[in-house]
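Raw entry32.cif, mmCIF, C-alpha atoms:
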```cif
data_model
loop_
_atom_site.label_atom_id
_atom_site.label_comp_id
_atom_site.auth_asym_id
_atom_site.auth_seq_id
_atom_site.Cartn_x
_atom_site.Cartn_y
_atom_site.Cartn_z
CA MET A 1 39.62 -3.92 -11.49
CA ALA A 2 36.88 -6.52 -11.85
CA HIS A 3 33.26 -5.43 -11.80
CA ILE A 4 29.97 -7.20 -11.04
CA ASP A 5 26.54 -6.02 -12.12
CA TYR A 6 24.05 -7.57 -9.71
CA TYR A 7 20.52 -7.77 -11.12
CA LEU A 8 18.05 -8.55 -8.35
CA ALA A 9 14.37 -8.63 -7.49
CA THR A 10 13.34 -7.70 -3.97
CA ILE A 11 10.51 -10.29 -3.97
CA SER A 12 12.74 -13.11 -5.23
CA PRO A 13 13.36 -15.90 -2.72
CA PHE A 14 16.60 -16.73 -4.47
CA THR A 15 17.79 -13.15 -4.12
CA TYR A 16 17.09 -13.57 -0.41
CA MET A 17 19.05 -16.82 -0.30
CA ASN A 18 22.05 -15.07 -1.86
CA GLY A 19 22.51 -13.62 1.63
CA SER A 20 25.75 -11.63 1.66
CA ARG A 21 27.75 -13.99 -0.57
CA VAL A 22 28.06 -11.74 -3.60
CA GLU A 23 29.39 -8.95 -1.39
CA GLN A 24 31.93 -11.36 0.14
CA ILE A 25 33.02 -12.51 -3.32
CA ALA A 26 33.37 -8.94 -4.58
CA LYS A 27 35.48 -8.04 -1.54
CA ALA A 28 37.69 -11.11 -1.92
CA HIS A 29 38.51 -10.16 -5.52
CA ASN A 30 38.62 -6.40 -5.01
CA ALA A 31 35.73 -6.09 -7.46
CA THR A 32 33.29 -3.22 -7.67
CA LEU A 33 29.61 -4.06 -7.37
CA THR A 34 26.59 -2.28 -8.83
CA TYR A 35 23.10 -3.19 -7.63
CA LYS A 36 20.45 -3.20 -10.35
CA PRO A 37 16.99 -3.93 -8.97
CA LEU A 38 14.45 -4.66 -11.69
CA ASP A 39 10.86 -5.70 -12.28
CA ILE A 40 11.09 -9.51 -12.35
CA MET A 41 7.61 -9.92 -13.83
CA GLY A 42 8.51 -7.48 -16.60
CA LEU A 43 11.71 -9.45 -17.13
CA PHE A 44 9.80 -12.72 -17.46
CA GLY A 45 7.49 -11.10 -19.99
CA ALA A 46 10.40 -9.73 -22.03
CA THR A 47 12.45 -12.94 -22.06
CA GLY A 48 9.90 -15.74 -22.34
CA GLY A 49 9.70 -16.61 -18.65
CA THR A 50 6.54 -17.65 -16.81
CA PRO A 51 5.52 -16.21 -13.41
CA PRO A 52 5.54 -18.88 -10.66
CA LYS A 53 1.74 -18.91 -10.29
CA ASP A 54 1.30 -19.70 -14.00
CA ARG A 55 3.81 -22.55 -14.17
CA HIS A 56 2.83 -26.20 -14.45
CA ILE A 57 2.14 -27.78 -11.07
CA ASN A 58 5.24 -29.97 -11.45
CA ARG A 59 7.40 -26.85 -11.69
CA GLN A 60 5.60 -25.15 -8.82
CA GLU A 61 6.08 -28.13 -6.53
CA TYR A 62 9.74 -28.51 -7.46
CA ARG A 63 10.36 -24.81 -6.88
CA LEU A 64 9.03 -25.05 -3.33
CA GLN A 65 11.10 -28.15 -2.56
CA ASP A 66 14.22 -26.55 -3.99
CA MET A 67 13.63 -23.32 -2.08
CA ALA A 68 13.41 -25.27 1.18
CA ARG A 69 16.65 -27.11 0.43
CA ARG A 70 18.50 -23.95 -0.63
CA ALA A 71 17.41 -22.09 2.50
CA LYS A 72 18.50 -24.95 4.74
CA LEU A 73 21.91 -25.13 3.07
CA ALA A 74 22.27 -21.35 3.41
CA GLY A 75 21.25 -21.48 7.07
CA LEU A 76 18.43 -19.00 6.50
CA PRO A 77 14.86 -19.12 7.83
CA LEU A 78 12.28 -19.27 5.06
CA ASN A 79 8.49 -19.17 4.90
CA LEU A 80 7.57 -20.93 1.66
CA LYS A 81 4.26 -19.04 1.44
CA PRO A 82 4.82 -15.60 2.99
CA ALA A 83 1.83 -13.46 3.88
CA HIS A 84 2.89 -10.53 1.69
CA TRP A 85 4.02 -12.19 -1.52
CA PRO A 86 3.78 -11.22 -4.22
CA THR A 87 3.74 -7.53 -3.47
CA ASN A 88 4.63 -4.32 -5.28
CA MET A 89 8.43 -4.45 -5.56
CA ALA A 90 8.83 -0.94 -6.98
CA PRO A 91 9.03 1.03 -3.68
CA SER A 92 11.72 -1.21 -2.20
CA SER A 93 13.62 -1.18 -5.50
CA TYR A 94 13.47 2.62 -5.65
CA ALA A 95 14.90 2.73 -2.12
CA ILE A 96 17.84 0.52 -3.13
CA ILE A 97 18.57 2.86 -6.03
CA ALA A 98 18.31 5.93 -3.78
CA ALA A 99 20.54 4.32 -1.14
CA GLN A 100 23.14 3.36 -3.73
CA ASN A 101 23.21 6.94 -4.98
CA ALA A 102 23.36 8.42 -1.47
CA GLY A 103 25.93 6.08 0.08
CA GLY A 104 26.69 6.07 3.78
CA GLY A 105 25.38 2.61 4.67
CA ASP A 106 25.76 -1.08 3.86
CA LEU A 107 23.84 -1.68 0.64
CA GLY A 108 24.19 -5.45 0.79
CA ALA A 109 22.79 -5.47 4.31
CA PHE A 110 19.88 -3.33 3.13
CA VAL A 111 19.02 -5.70 0.27
CA HIS A 112 19.19 -8.66 2.62
CA ALA A 113 17.04 -6.89 5.21
CA LEU A 114 14.36 -6.25 2.58
CA THR A 115 14.32 -9.79 1.23
CA ARG A 116 14.45 -11.27 4.73
CA SER A 117 11.50 -9.07 5.70
CA CYS A 118 9.47 -10.66 2.90
CA TRP A 119 10.62 -14.27 3.14
CA ALA A 120 11.22 -14.73 6.86
CA ASP A 121 9.66 -11.88 8.85
CA GLU A 122 6.16 -11.75 7.28
CA LYS A 123 6.40 -8.04 6.42
CA ASP A 124 5.11 -6.19 3.38
CA ILE A 125 8.12 -4.62 1.68
CA SER A 126 5.91 -2.32 -0.38
CA GLN A 127 5.21 -0.32 2.80
CA THR A 128 7.26 2.78 3.60
CA ASP A 129 7.65 1.96 7.30
CA VAL A 130 9.08 -1.49 6.53
CA ILE A 131 11.51 -0.05 3.97
CA ALA A 132 12.53 2.72 6.39
CA ALA A 133 13.23 0.18 9.14
CA CYS A 134 15.44 -1.83 6.77
CA LEU A 135 17.31 1.33 5.74
CA THR A 136 17.96 2.19 9.38
CA GLU A 137 19.13 -1.35 10.11
CA ALA A 138 21.68 -1.06 7.30
CA GLY A 139 22.97 2.35 8.39
CA PHE A 140 21.10 4.56 5.91
CA ASP A 141 18.84 7.56 6.46
CA ALA A 142 15.27 6.27 6.75
CA GLY A 143 14.14 9.21 4.59
CA LEU A 144 15.60 7.45 1.56
CA ALA A 145 12.47 5.30 1.53
CA GLU A 146 10.72 8.15 -0.25
CA ALA A 147 13.64 10.09 -1.70
CA ASP A 148 14.08 11.02 -5.37
CA MET A 149 11.26 8.76 -6.52
CA VAL A 150 11.18 10.08 -10.09
CA ASN A 151 14.86 9.47 -10.80
CA SER A 152 14.73 6.11 -9.03
CA ALA A 153 11.74 5.08 -11.15
CA ASP A 154 13.64 6.01 -14.31
CA THR A 155 16.65 3.96 -13.19
CA TYR A 156 14.41 1.03 -12.27
CA ALA A 157 12.92 0.99 -15.77
CA ARG A 158 16.36 1.39 -17.33
CA ASN A 159 17.71 -1.54 -15.29
CA LEU A 160 15.11 -3.78 -16.92
CA GLU A 161 16.01 -2.57 -20.41
CA GLU A 162 19.74 -2.91 -19.75
CA GLY A 163 19.28 -6.31 -18.18
CA VAL A 164 17.38 -7.69 -21.16
CA ALA A 165 20.00 -6.25 -23.53
CA ALA A 166 22.78 -7.84 -21.44
CA GLY A 167 21.19 -11.31 -21.46
CA VAL A 168 19.49 -11.32 -18.05
CA PHE A 169 16.41 -13.53 -17.68
CA GLY A 170 16.05 -14.21 -13.95
CA ALA A 171 17.09 -13.07 -10.49
CA PRO A 172 19.52 -12.96 -8.92
CA PHE A 173 21.69 -12.57 -12.01
CA PHE A 174 25.34 -11.56 -11.99
CA ILE A 175 27.37 -10.23 -14.90
CA ALA A 176 31.11 -10.07 -14.38
CA ASP A 177 33.20 -7.64 -16.40
CA GLY A 178 30.30 -6.91 -18.73
CA THR A 179 30.22 -10.30 -20.45
CA GLU A 180 30.28 -13.37 -18.19
CA ARG A 181 26.78 -14.28 -16.98
CA PHE A 182 25.78 -16.24 -13.88
CA TRP A 183 22.13 -16.99 -13.07
CA GLY A 184 21.08 -17.80 -9.54
CA GLN A 185 22.59 -17.78 -6.09
CA ASP A 186 23.62 -21.39 -6.72
CA ARG A 187 26.12 -20.17 -9.32
CA LEU A 188 28.05 -17.92 -6.95
CA ASP A 189 30.85 -20.49 -6.66
CA ASP A 190 31.22 -20.22 -10.43
CA LEU A 191 31.36 -16.42 -10.22
CA ASP A 192 34.01 -16.72 -7.52
CA ALA A 193 36.03 -19.13 -9.66
CA PHE A 194 35.72 -16.87 -12.70
CA LEU A 195 37.01 -13.86 -10.80
CA ALA A 196 39.88 -16.01 -9.48
CA GLY A 197 40.85 -16.88 -13.06
CA LYS A 198 39.87 -20.53 -12.74
CA LEU A 199 37.12 -20.43 -15.37
#
```
Using structure tokens, write down the structure that the file contains.
Amino acid sequence: MAHIDYYLATISPFTYMNGSRVEQIAKAHNATLTYKPLDIMGLFGATGGTPPKDRHINRQEYRLQDMARRAKLAGLPLNLKPAHWPTNMAPSSYAIIAAQNAGGGDLGAFVHALTRSCWADEKDISQTDVIAACLTEAGFDAGLAEADMVNSADTYARNLEEGVAAGVFGAPFFIADGTERFWGQDRLDDLDAFLAGKL
């Protein structure tokens, strides 16, 4: 059975613009899917990346134009300069880890609810009430927003270490069957083709 490791950042606009496509691809190919939220700023630091605010103005301007185009193509609303960005991504990441461990809801819907809250709904996803509302929307117990924080924090740190070791340098990042790497929601067609045996 095929497997996808899905490295994501809850404050990443491109993780938001992934929508539910990776879940649809996994389902189409009967692949298992593991969500691995990580600290994107820590990832940039470990792999030679530059945070958006520190990039040359040419790169900053292109990023905003490209984000607007990607969102339009995906049919998703997008605020290019949300009120609560950047924000502390750890609490929402811990909740994803706790929800994945607990089961009982739609994890893809939860991730999308979090990222949509940041990039379309002007909400601060570092806040427990926002996370709890997203959990409820996706069919999880709202109490997972503050559940098992110590173990979730350990997993969150480990996801970063494992991601760097596996060749991850951005988000969203997908690794199929432990070796084949795909960076960005705009490479999901390639992931789909790989799992179909076309690449």
field: Result set of the PyMOL selection byres ((chain A and resi 26) around 10) on the coordinates above, as a ChimeraX atom specification
entry: /A:2-4,21-25,27-33,191-192,195
message: What's around Ala120 of chain A at 9 Å? Count only C-alpha atoms, leave out sequence neighbours fewer than 5 positions away in its own chain, and write the answer as number ranges by chain.
response: A: 76-80, 82, 115
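Taking atom CA of Phe182 of chain A as the reference point, atom CA of Gly42 of chain A is found at 19.6 Å.
Distance check against Ala165 of chain A using only C-alpha atoms: of A:Thr34, A:Asn58, A:Thr179, A:Thr136, the minimum falls on A:Thr179.
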task: With a distance cut-off of 12 Å and all atoms listed in the file, select the neighbouring residues of segment 61-75 of chain A, excluding the residue or stretch itself and same-chain residues fewer than 2 positions from it, and output the selection as a ChimeraX atom specification.
output: /A:12-21,51-53,55-59,77-81,116,119-120,184-186
Residues of the last selection are to be written out with C-alpha atoms, as an mmCIF file, in the coordinates of the input.
```
data_model
loop_
_atom_site.group_PDB
_atom_site.id
_atom_site.type_symbol
_atom_site.label_atom_id
_atom_site.label_comp_id
_atom_site.auth_asym_id
_atom_site.auth_seq_id
_atom_site.Cartn_x
_atom_site.Cartn_y
_atom_site.Cartn_z
ATOM 1 C CA SER A 12 12.740 -13.110 -5.230
ATOM 2 C CA PRO A 13 13.360 -15.900 -2.720
ATOM 3 C CA PHE A 14 16.600 -16.730 -4.470
ATOM 4 C CA THR A 15 17.790 -13.150 -4.120
ATOM 5 C CA TYR A 16 17.090 -13.570 -0.410
ATOM 6 C CA MET A 17 19.050 -16.820 -0.300
ATOM 7 C CA ASN A 18 22.050 -15.070 -1.860
ATOM 8 C CA GLY A 19 22.510 -13.620 1.630
ATOM 9 C CA SER A 20 25.750 -11.630 1.660
ATOM 10 C CA ARG A 21 27.750 -13.990 -0.570
ATOM 11 C CA PRO A 51 5.520 -16.210 -13.410
ATOM 12 C CA PRO A 52 5.540 -18.880 -10.660
ATOM 13 C CA LYS A 53 1.740 -18.910 -10.290
ATOM 14 C CA ARG A 55 3.810 -22.550 -14.170
ATOM 15 C CA HIS A 56 2.830 -26.200 -14.450
ATOM 16 C CA ILE A 57 2.140 -27.780 -11.070
ATOM 17 C CA ASN A 58 5.240 -29.970 -11.450
ATOM 18 C CA ARG A 59 7.400 -26.850 -11.690
ATOM 19 C CA PRO A 77 14.860 -19.120 7.830
ATOM 20 C CA LEU A 78 12.280 -19.270 5.060
ATOM 21 C CA ASN A 79 8.490 -19.170 4.900
ATOM 22 C CA LEU A 80 7.570 -20.930 1.660
ATOM 23 C CA LYS A 81 4.260 -19.040 1.440
ATOM 24 C CA ARG A 116 14.450 -11.270 4.730
ATOM 25 C CA TRP A 119 10.620 -14.270 3.140
ATOM 26 C CA ALA A 120 11.220 -14.730 6.860
ATOM 27 C CA GLY A 184 21.080 -17.800 -9.540
ATOM 28 C CA GLN A 185 22.590 -17.780 -6.090
ATOM 29 C CA ASP A 186 23.620 -21.390 -6.720
#
```
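Proximity ranking of A:Ala147, A:Met41, A:Ala9, A:Ile96 relative to Phe173 of chain A places A:Ala9 first, based on only C-alpha atoms.
Straight-line separation from atom CA of Ala102 of chain A to atom CA of Asp148 of chain A: 10.4 Å.
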Centre, x/y/z edge lengths, axis-aligned box for segment 57-74 of chain A with 8 Å per side, as AutoDock Vina command-line options:
```
--center_x 12.2 --center_y -25.7 --center_z -3.5 --size_x 36.1 --size_y 24.6 --size_z 32.4
```
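Across the model, the gap from atom CA of Lys198 of chain A to atom CA of Leu8 of chain A is 25.3 Å.
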query: So which residues touch Tyr7 of chain A within 9 Å, counting only C-alpha atoms, skipping near sequence neighbours fewer than 2 positions away, as a ChimeraX atom specification?
result: /A:5,9,34-38,159-160,163,168,170-175
message: With all atoms listed in the file as the counted atoms, please give the residues lying no more than 9 Å from segment 85-95 of chain A, apart from itself and same-chain residues fewer than 3 positions off, as a ChimeraX atom specification.
response: /A:9-11,36-40,81-82,98-100,111,114,118-119,124-128,131-132,135,144-153,155-156
Polymer residues at most 7 Å from Phe169 of chain A, all atoms listed in the file, same-chain spacing of 4 or more positions, as number ranges by chain: A: 43-44, 47, 164
Would you mind putting back N, CA, C and O atoms on segment 135-160 of chain A, then writing it out as a PDB file, in the frame of the given file?
```
ATOM      1  N   LEU A 135      16.274   0.319   5.994  1.00  0.00           N
ATOM      2  CA  LEU A 135      17.310   1.330   5.740  1.00  0.00           C
ATOM      3  C   LEU A 135      18.070   1.645   7.024  1.00  0.00           C
ATOM      4  O   LEU A 135      19.304   1.671   7.042  1.00  0.00           O
ATOM      5  N   THR A 136      17.339   1.874   8.092  1.00  0.00           N
ATOM      6  CA  THR A 136      17.960   2.190   9.380  1.00  0.00           C
ATOM      7  C   THR A 136      18.853   1.051   9.845  1.00  0.00           C
ATOM      8  O   THR A 136      19.982   1.271  10.317  1.00  0.00           O
ATOM      9  N   GLU A 137      18.363  -0.164   9.705  1.00  0.00           N
ATOM     10  CA  GLU A 137      19.130  -1.350  10.110  1.00  0.00           C
ATOM     11  C   GLU A 137      20.464  -1.421   9.381  1.00  0.00           C
ATOM     12  O   GLU A 137      21.479  -1.849   9.953  1.00  0.00           O
ATOM     13  N   ALA A 138      20.480  -0.977   8.119  1.00  0.00           N
ATOM     14  CA  ALA A 138      21.680  -1.060   7.300  1.00  0.00           C
ATOM     15  C   ALA A 138      22.536   0.212   7.342  1.00  0.00           C
ATOM     16  O   ALA A 138      23.506   0.334   6.592  1.00  0.00           O
ATOM     17  N   GLY A 139      22.156   1.153   8.210  1.00  0.00           N
ATOM     18  CA  GLY A 139      22.970   2.350   8.390  1.00  0.00           C
ATOM     19  C   GLY A 139      22.668   3.502   7.456  1.00  0.00           C
ATOM     20  O   GLY A 139      23.465   4.434   7.336  1.00  0.00           O
ATOM     21  N   PHE A 140      21.507   3.471   6.809  1.00  0.00           N
ATOM     22  CA  PHE A 140      21.100   4.560   5.910  1.00  0.00           C
ATOM     23  C   PHE A 140      20.082   5.461   6.595  1.00  0.00           C
ATOM     24  O   PHE A 140      19.444   5.069   7.586  1.00  0.00           O
ATOM     25  N   ASP A 141      19.886   6.631   6.026  1.00  0.00           N
ATOM     26  CA  ASP A 141      18.840   7.560   6.460  1.00  0.00           C
ATOM     27  C   ASP A 141      17.490   6.964   6.063  1.00  0.00           C
ATOM     28  O   ASP A 141      17.261   6.628   4.896  1.00  0.00           O
ATOM     29  N   ALA A 142      16.598   6.831   7.021  1.00  0.00           N
ATOM     30  CA  ALA A 142      15.270   6.270   6.750  1.00  0.00           C
ATOM     31  C   ALA A 142      14.506   7.070   5.713  1.00  0.00           C
ATOM     32  O   ALA A 142      13.627   6.538   5.029  1.00  0.00           O
ATOM     33  N   GLY A 143      14.816   8.358   5.567  1.00  0.00           N
ATOM     34  CA  GLY A 143      14.140   9.210   4.590  1.00  0.00           C
ATOM     35  C   GLY A 143      14.359   8.781   3.158  1.00  0.00           C
ATOM     36  O   GLY A 143      13.611   9.199   2.261  1.00  0.00           O
ATOM     37  N   LEU A 144      15.354   7.931   2.914  1.00  0.00           N
ATOM     38  CA  LEU A 144      15.600   7.450   1.560  1.00  0.00           C
ATOM     39  C   LEU A 144      14.467   6.576   1.043  1.00  0.00           C
ATOM     40  O   LEU A 144      14.373   6.309  -0.157  1.00  0.00           O
ATOM     41  N   ALA A 145      13.605   6.121   1.942  1.00  0.00           N
ATOM     42  CA  ALA A 145      12.470   5.300   1.530  1.00  0.00           C
ATOM     43  C   ALA A 145      11.561   6.041   0.563  1.00  0.00           C
ATOM     44  O   ALA A 145      10.859   5.411  -0.243  1.00  0.00           O
ATOM     45  N   GLU A 146      11.577   7.365   0.643  1.00  0.00           N
ATOM     46  CA  GLU A 146      10.720   8.150  -0.250  1.00  0.00           C
ATOM     47  C   GLU A 146      11.494   9.246  -0.967  1.00  0.00           C
ATOM     48  O   GLU A 146      10.912  10.215  -1.450  1.00  0.00           O
ATOM     49  N   ALA A 147      12.797   9.058  -1.087  1.00  0.00           N
ATOM     50  CA  ALA A 147      13.640  10.090  -1.700  1.00  0.00           C
ATOM     51  C   ALA A 147      13.784   9.898  -3.206  1.00  0.00           C
ATOM     52  O   ALA A 147      13.920   8.783  -3.681  1.00  0.00           O
ATOM     53  N   ASP A 148      13.747  10.996  -3.941  1.00  0.00           N
ATOM     54  CA  ASP A 148      14.080  11.020  -5.370  1.00  0.00           C
ATOM     55  C   ASP A 148      13.347   9.924  -6.152  1.00  0.00           C
ATOM     56  O   ASP A 148      13.942   9.195  -6.943  1.00  0.00           O
ATOM     57  N   MET A 149      12.042   9.834  -5.929  1.00  0.00           N
ATOM     58  CA  MET A 149      11.260   8.760  -6.520  1.00  0.00           C
ATOM     59  C   MET A 149      11.251   8.788  -8.053  1.00  0.00           C
ATOM     60  O   MET A 149      11.280   7.745  -8.693  1.00  0.00           O
ATOM     61  N   VAL A 150      11.246   9.979  -8.628  1.00  0.00           N
ATOM     62  CA  VAL A 150      11.180  10.080 -10.090  1.00  0.00           C
ATOM     63  C   VAL A 150      12.441   9.527 -10.731  1.00  0.00           C
ATOM     64  O   VAL A 150      12.375   8.685 -11.642  1.00  0.00           O
ATOM     65  N   ASN A 151      13.609   9.973 -10.234  1.00  0.00           N
ATOM     66  CA  ASN A 151      14.860   9.470 -10.800  1.00  0.00           C
ATOM     67  C   ASN A 151      15.046   7.988 -10.530  1.00  0.00           C
ATOM     68  O   ASN A 151      15.562   7.240 -11.374  1.00  0.00           O
ATOM     69  N   SER A 152      14.620   7.534  -9.341  1.00  0.00           N
ATOM     70  CA  SER A 152      14.730   6.110  -9.030  1.00  0.00           C
ATOM     71  C   SER A 152      13.833   5.288  -9.941  1.00  0.00           C
ATOM     72  O   SER A 152      14.223   4.198 -10.390  1.00  0.00           O
ATOM     73  N   ALA A 153      12.643   5.787 -10.237  1.00  0.00           N
ATOM     74  CA  ALA A 153      11.740   5.080 -11.150  1.00  0.00           C
ATOM     75  C   ALA A 153      12.341   4.980 -12.542  1.00  0.00           C
ATOM     76  O   ALA A 153      12.231   3.935 -13.201  1.00  0.00           O
ATOM     77  N   ASP A 154      12.989   6.043 -12.995  1.00  0.00           N
ATOM     78  CA  ASP A 154      13.640   6.010 -14.310  1.00  0.00           C
ATOM     79  C   ASP A 154      14.761   4.975 -14.331  1.00  0.00           C
ATOM     80  O   ASP A 154      14.904   4.220 -15.298  1.00  0.00           O
ATOM     81  N   THR A 155      15.553   4.935 -13.261  1.00  0.00           N
ATOM     82  CA  THR A 155      16.650   3.960 -13.190  1.00  0.00           C
ATOM     83  C   THR A 155      16.110   2.547 -13.142  1.00  0.00           C
ATOM     84  O   THR A 155      16.649   1.629 -13.778  1.00  0.00           O
ATOM     85  N   TYR A 156      15.045   2.345 -12.389  1.00  0.00           N
ATOM     86  CA  TYR A 156      14.410   1.030 -12.270  1.00  0.00           C
ATOM     87  C   TYR A 156      13.972   0.526 -13.648  1.00  0.00           C
ATOM     88  O   TYR A 156      14.229  -0.635 -14.008  1.00  0.00           O
ATOM     89  N   ALA A 157      13.340   1.373 -14.422  1.00  0.00           N
ATOM     90  CA  ALA A 157      12.920   0.990 -15.770  1.00  0.00           C
ATOM     91  C   ALA A 157      14.126   0.725 -16.663  1.00  0.00           C
ATOM     92  O   ALA A 157      14.139  -0.233 -17.448  1.00  0.00           O
ATOM     93  N   ARG A 158      15.144   1.557 -16.524  1.00  0.00           N
ATOM     94  CA  ARG A 158      16.360   1.390 -17.330  1.00  0.00           C
ATOM     95  C   ARG A 158      17.089   0.091 -16.972  1.00  0.00           C
ATOM     96  O   ARG A 158      17.652  -0.570 -17.843  1.00  0.00           O
ATOM     97  N   ASN A 159      17.072  -0.282 -15.688  1.00  0.00           N
ATOM     98  CA  ASN A 159      17.710  -1.540 -15.290  1.00  0.00           C
ATOM     99  C   ASN A 159      17.105  -2.728 -16.018  1.00  0.00           C
ATOM    100  O   ASN A 159      17.812  -3.661 -16.415  1.00  0.00           O
ATOM    101  N   LEU A 160      15.784  -2.703 -16.192  1.00  0.00           N
ATOM    102  CA  LEU A 160      15.110  -3.780 -16.920  1.00  0.00           C
ATOM    103  C   LEU A 160      15.568  -3.806 -18.375  1.00  0.00           C
ATOM    104  O   LEU A 160      15.930  -4.865 -18.909  1.00  0.00           O
TER     105      LEU A 160
END
```
